[in-house]
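Asks: I'd like to ask some things about the structure below.
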Amino acid sequence: LPQNIALRLHQNEVKVLGTSPEKIDAAEDRHRFSQILDSIGVDQPAWKELVSVADAEKFADAVGYPVLIRPSYVLSGAAMNVAYDAEALRSNLELAASVSPEHPVVVTKFIRGARELDIDAVASNGELIKHAVSEHIEDAGVHSGDASLILPPANLSAEVLERVKDIGNKVARAFEISGPFNMQIIMQKNEQTPDHPDLKVIECNLRASRSFPFVSKVMDSNFVEAATRAIVGEGVPKPVDLMKGSDKWPYTAIKVPQFSWTRLAGADPFLGVEMSSTGEVACFGKTPEEAYLVSLLSTNGFRLPAPGKSVYVGIDNLTETRIAQKVAKHFAAAGYPVLTDSEATAQVLADGGVSGVKVIKFDYDNRRTLRDAVFDSNIDLVVNLAKLRPSDKANSNYAMRRMAVDFGIPLVNDQRCAEMLVDALEALPQGTATALYGSQELNIETPVDVKSWQQYLDMRK
């Protein structure tokens with residue numbers, strides 16, 4: 001990881017182009033980074049550097065669970081975890097200390113139900129040159145590398161975009177950035193000022209992110225070239241606000257993650273703060289729903305359920321009941337039998353107007369009979385909306401997700417993504433294709449028109 005060696009190179013009198021290694025070090029050190037944000041008036045979740053487990057427990061009790069454990073100098077959120085109780089806090093602190101023993105571990109308040117924004121940007125000598133603001137479909141708490149990104153954002157006002165730009169400017173100046181950087185910002189509804197949500201910075205990486213090529217394509221502006229010029233200090237482009245007027249663009253692009261769960265025996269196909277994806281797919285569409293559906297269908301292993309097949313639904317105590325009911329109701333109305341693994345879940349769905357939900361419990365420990373039982377149930381899509389990461393493999397939601405992966409059944413494992421999928425399917429017009437999706441005349445392979453990148457860009461002219 002370049003960030004880990006930049007300061008040592010600098011201390012050994014190796015010339016490092018671009019942002020100063022000392023500033024890179026300040027951004028990677030969770031404690032120093034949080035102090036700098038406080039000093040420049042940029043909001044962030046309540047935080048504390050750890051001195052002892054007892055202090056961490058006192059902090060968690062004061063701000064309220066859940067809390068997020070954030071080690072320094074790690075890539076892809078390694079050892080980063082959300083703790084919902086004191087026992088989880090203690091075990092996660094031990095893991096974080098073992099992964100990053102020489103650097104501080106910071107504990108922050110974890111904000112539930114908030115949305116996350118990504119800002120990919122280029123600065124030169126502390127001045128913001130260009131930036132792109134993407135919106136996550138998933139709730140905050142899913143690593144940005146595993147999240148589905150919408151660009152231009154579908155639900156952000158011009159006022160929020162301007163405030164995000166202002167945060168980018170402050171951070172660029174504070175760290176004297178010359179080159180690329182990427183930030184994640186939490187957007188949380190404020191009950192006192194509903195039209196003015198809270199914006200809190202949770203992460204800043206003084207490097208190019210994996211979404212740089214995505215934003216370059218979508219905005220038709222080469223962020224990598226601009227970053228390179230800023231690093232070497234030659235031919236640096238003039239500052240420009242590429243986000244201005246983006247709400248009027250006639251297209252949207254969405255980047256979705258690609259996972260390789262099948263190659264990781266026993267791994268839990270669960271989305272959390274530690275990155276799990278191994279790639280991504282991005283597609284354009286005339287609407288966010290269209291772009292999302294095309295992107296999802298373009299990933300390896302996902303398909304819409306075939307007519308006559310069943311949809312298997314799982315939830316936990318943190319799942320939003322409204323979303324579970326909405327998703328199940330859609331598939332039931334489309335002609336798919338809805339199955340679940342517990343009487344309690346069946347009752348939740350029935351309360352939402354989904355009748356005839358059948359409860360099927362599998363013996364996950366008996367691999368010889370499990371395959372036959374699963375295929376006898378005609379399951380062609382698993383929708384597991386559990387929000388809590390299980391502590392062991394005896395958990396039924398873990399077993400459901402893993403069963404889907406092991407048997408090649410498409411899996412939706414996030415409630416916001418499940419809702420977006422349903423919205424996308426309901427937005428498709430009747431009679432646009434040749435094959436059946438449930439009782440609708442839709443092509444389950446390519447349900448929307450295919451256009452080239454250039455064709456979408458030409459729509460802006």
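Identifiers in the structure tokens: chain A, B, ... in order shown; residue index from 1 per chain; ligand index from 1 in order shown.
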I need the residues in region 257-425 of chain A that are strand (DSSP E or B) according to DSSP; give them as a list of chain:residue names.

Replies: A:Pro257, A:Gln258, A:Gly279, A:Glu280, A:Val281, A:Ala282, A:Cys283, A:Phe284, A:Gly285, A:Ser310, A:Val311, A:Tyr312, A:Val313, A:Gly314, A:Val338, A:Leu339, A:Thr340, A:Lys358, A:Val359, A:Ile379, A:Asp380, A:Leu381, A:Val382, A:Val383, A:Asn384, A:Leu411, A:Val412

Asks: For Ile24 (chain A), find every residue with an atom within 12 Å (counting only C-alpha atoms), except residues of its own chain fewer than 2 positions away, and show them as a short mmCIF file (atom, residue, chain, number, x, y, z; two decimals) with N, CA, C and O atoms, in the first residue's frame.

Replies:
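Written output follows (result.cif):
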data_model
loop_
_atom_site.label_atom_id
_atom_site.label_comp_id
_atom_site.auth_asym_id
_atom_site.auth_seq_id
_atom_site.Cartn_x
_atom_site.Cartn_y
_atom_site.Cartn_z
N LEU A 1 0.85 -1.19 0.00
CA LEU A 1 0.00 0.00 0.00
C LEU A 1 0.89 1.25 0.00
O LEU A 1 1.66 1.44 0.93
N PRO A 2 0.81 2.09 -1.02
CA PRO A 2 1.68 3.27 -1.10
C PRO A 2 1.60 4.17 0.13
O PRO A 2 2.62 4.72 0.56
N GLN A 3 0.40 4.29 0.71
CA GLN A 3 0.27 5.15 1.89
C GLN A 3 1.15 4.68 3.04
O GLN A 3 1.62 5.49 3.83
N ASN A 4 1.37 3.38 3.13
CA ASN A 4 2.16 2.85 4.24
C ASN A 4 3.66 3.08 4.09
O ASN A 4 4.39 3.02 5.07
N ILE A 5 4.12 3.30 2.87
CA ILE A 5 5.56 3.48 2.67
C ILE A 5 5.93 4.91 2.31
O ILE A 5 7.10 5.26 2.28
N ALA A 6 4.92 5.76 2.03
CA ALA A 6 5.21 7.13 1.58
C ALA A 6 6.04 7.89 2.60
O ALA A 6 7.04 8.55 2.24
N LEU A 7 5.68 7.83 3.88
CA LEU A 7 6.39 8.60 4.89
C LEU A 7 7.81 8.08 5.06
O LEU A 7 8.76 8.87 5.20
N ARG A 8 8.00 6.77 5.03
CA ARG A 8 9.35 6.21 5.17
C ARG A 8 10.23 6.60 3.99
O ARG A 8 11.43 6.89 4.15
N HIS A 10 9.93 9.35 2.29
CA HIS A 10 10.21 10.76 2.52
C HIS A 10 11.30 10.94 3.58
O HIS A 10 12.21 11.76 3.42
N VAL A 16 9.05 12.32 -3.29
CA VAL A 16 7.71 11.78 -3.56
C VAL A 16 6.89 12.89 -4.20
O VAL A 16 6.70 13.96 -3.60
N LEU A 17 6.43 12.67 -5.41
CA LEU A 17 5.64 13.67 -6.12
C LEU A 17 4.21 13.72 -5.58
O LEU A 17 3.70 12.75 -5.01
N GLY A 18 3.57 14.87 -5.78
CA GLY A 18 2.18 15.01 -5.37
C GLY A 18 2.04 15.42 -3.92
O GLY A 18 2.89 16.13 -3.36
N THR A 19 0.98 14.95 -3.28
CA THR A 19 0.68 15.30 -1.89
C THR A 19 1.82 14.87 -0.97
O THR A 19 2.37 13.78 -1.12
N SER A 20 2.17 15.73 -0.03
CA SER A 20 3.27 15.45 0.90
C SER A 20 3.00 14.16 1.68
O SER A 20 1.89 13.94 2.19
N PRO A 21 4.01 13.28 1.81
CA PRO A 21 3.84 12.07 2.62
C PRO A 21 3.42 12.36 4.06
O PRO A 21 2.75 11.55 4.69
N GLU A 22 3.83 13.53 4.59
CA GLU A 22 3.43 13.87 5.95
C GLU A 22 1.92 14.10 6.03
O GLU A 22 1.27 13.77 7.03
N ALA A 26 -1.00 11.91 7.95
CA ALA A 26 -2.02 12.52 8.81
C ALA A 26 -3.42 12.03 8.45
O ALA A 26 -4.27 11.85 9.32
N ALA A 27 -3.65 11.78 7.16
CA ALA A 27 -4.96 11.29 6.74
C ALA A 27 -5.16 9.82 7.11
O ALA A 27 -6.29 9.38 7.38
N GLU A 28 -4.08 9.05 7.10
CA GLU A 28 -4.18 7.62 7.41
C GLU A 28 -4.30 7.36 8.91
O GLU A 28 -4.88 6.35 9.33
N ASP A 29 -3.72 8.24 9.72
CA ASP A 29 -3.79 8.11 11.17
C ASP A 29 -5.18 8.58 11.62
O ASP A 29 -5.50 9.77 11.54
N ARG A 30 -6.01 7.67 12.09
CA ARG A 30 -7.40 7.99 12.42
C ARG A 30 -7.51 9.13 13.43
O ARG A 30 -8.37 10.01 13.31
N ARG A 32 -5.23 11.63 14.17
CA ARG A 32 -4.81 12.91 13.60
C ARG A 32 -5.82 13.41 12.57
O ARG A 32 -6.12 14.61 12.50
N PHE A 33 -6.35 12.48 11.78
CA PHE A 33 -7.34 12.86 10.76
C PHE A 33 -8.58 13.49 11.43
O PHE A 33 -9.07 14.54 11.00
N TYR A 73 -4.28 2.80 8.90
CA TYR A 73 -3.38 2.21 7.90
C TYR A 73 -3.83 0.82 7.44
O TYR A 73 -3.06 -0.13 7.45
N ALA A 172 -9.21 19.58 0.93
CA ALA A 172 -8.10 19.76 -0.01
C ALA A 172 -7.10 20.79 0.51
O ALA A 172 -5.88 20.59 0.43
N ALA A 174 -6.75 21.77 3.76
CA ALA A 174 -6.15 21.34 5.03
C ALA A 174 -5.01 20.35 4.82
O ALA A 174 -4.01 20.38 5.54
N PHE A 175 -5.14 19.47 3.84
CA PHE A 175 -4.12 18.45 3.60
C PHE A 175 -3.19 18.83 2.43
O PHE A 175 -2.35 18.02 2.03
N GLU A 176 -3.39 20.05 1.90
CA GLU A 176 -2.53 20.56 0.81
C GLU A 176 -2.39 19.52 -0.30
O GLU A 176 -1.29 19.18 -0.73
N ILE A 177 -3.52 19.03 -0.76
CA ILE A 177 -3.54 17.90 -1.70
C ILE A 177 -3.12 18.35 -3.10
O ILE A 177 -3.59 19.36 -3.62
N SER A 178 -2.23 17.58 -3.68
CA SER A 178 -1.87 17.72 -5.10
C SER A 178 -1.97 16.33 -5.72
O SER A 178 -1.04 15.52 -5.63
N GLY A 179 -3.11 16.07 -6.32
CA GLY A 179 -3.35 14.75 -6.89
C GLY A 179 -4.77 14.29 -6.58
O GLY A 179 -5.65 15.09 -6.26
N PRO A 180 -5.00 12.99 -6.61
CA PRO A 180 -6.35 12.47 -6.40
C PRO A 180 -6.68 12.29 -4.93
O PRO A 180 -5.79 12.11 -4.10
N PHE A 181 -7.96 12.35 -4.60
CA PHE A 181 -8.41 11.93 -3.28
C PHE A 181 -9.87 11.50 -3.36
O PHE A 181 -10.59 11.83 -4.30
N CYS A 204 -11.25 9.64 4.37
CA CYS A 204 -10.61 10.36 3.27
C CYS A 204 -9.32 9.64 2.90
O CYS A 204 -8.46 9.42 3.76
N ASN A 205 -9.22 9.25 1.65
CA ASN A 205 -8.03 8.57 1.15
C ASN A 205 -7.33 9.48 0.15
O ASN A 205 -7.94 9.89 -0.85
N LEU A 206 -6.06 9.79 0.41
CA LEU A 206 -5.31 10.67 -0.50
C LEU A 206 -4.68 9.84 -1.61
O LEU A 206 -3.46 9.73 -1.74
N ARG A 207 -5.54 9.25 -2.40
CA ARG A 207 -5.16 8.41 -3.52
C ARG A 207 -6.34 8.29 -4.45
O ARG A 207 -7.46 8.70 -4.12
#

Asks: Give me, as a PyMOL selection string, all polymer residues having an atom no more than 7 Å from Arg70 (chain A), counting only C-alpha atoms and skipping those fewer than 2 positions away in the same chain.

Replies: chain A and resi 68+72+80+105-107

Asks: Find the residues near Thr252 (chain A): any atom within 6 Å, counting only C-alpha atoms, skip ones fewer than 2 places away on the same chain, and give them as an MDAnalysis selection string.

Replies: chainID A and resid 151 284:285 287:288

Asks: Keeping only C-alpha atoms, take the residues you just selected and write them out as a compact mmCIF listing (two decimals), in the first residue's frame.

Replies:
# COMPACT_ATOMS: atom_id res chain seq x y z
CA LEU A 151 -24.04 9.13 -10.71
CA PHE A 284 -25.96 3.56 -18.22
CA GLY A 285 -29.71 3.97 -18.36
CA THR A 287 -33.35 6.41 -15.37
CA PRO A 288 -31.68 5.15 -12.16

Asks: From the list A:Ser298, A:Gln184, A:Asn125, A:Gln325, which residue is nearest Lys200 (chain A) when using only C-alpha atoms?

Replies: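 Nearest candidate to Lys200 (chain A) out of A:Ser298, A:Gln184, A:Asn125, A:Gln325: A:Gln184.
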
Asks: Which is closer to Val450 (chain A) than all the others in A:Thr319, A:Lys48, A:Lys286, A:Ser144, using only C-alpha atoms?

Replies: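 Smallest distance to Val450 (chain A) is found for A:Lys286.
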
Asks: Quick one: of A:Trp249, A:Phe270, A:Phe362, A:Tyr292, who's nearest to Ile137 (chain A), counting only C-alpha atoms?

Replies: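 Closest to Ile137 (chain A), using only C-alpha atoms: A:Tyr292.
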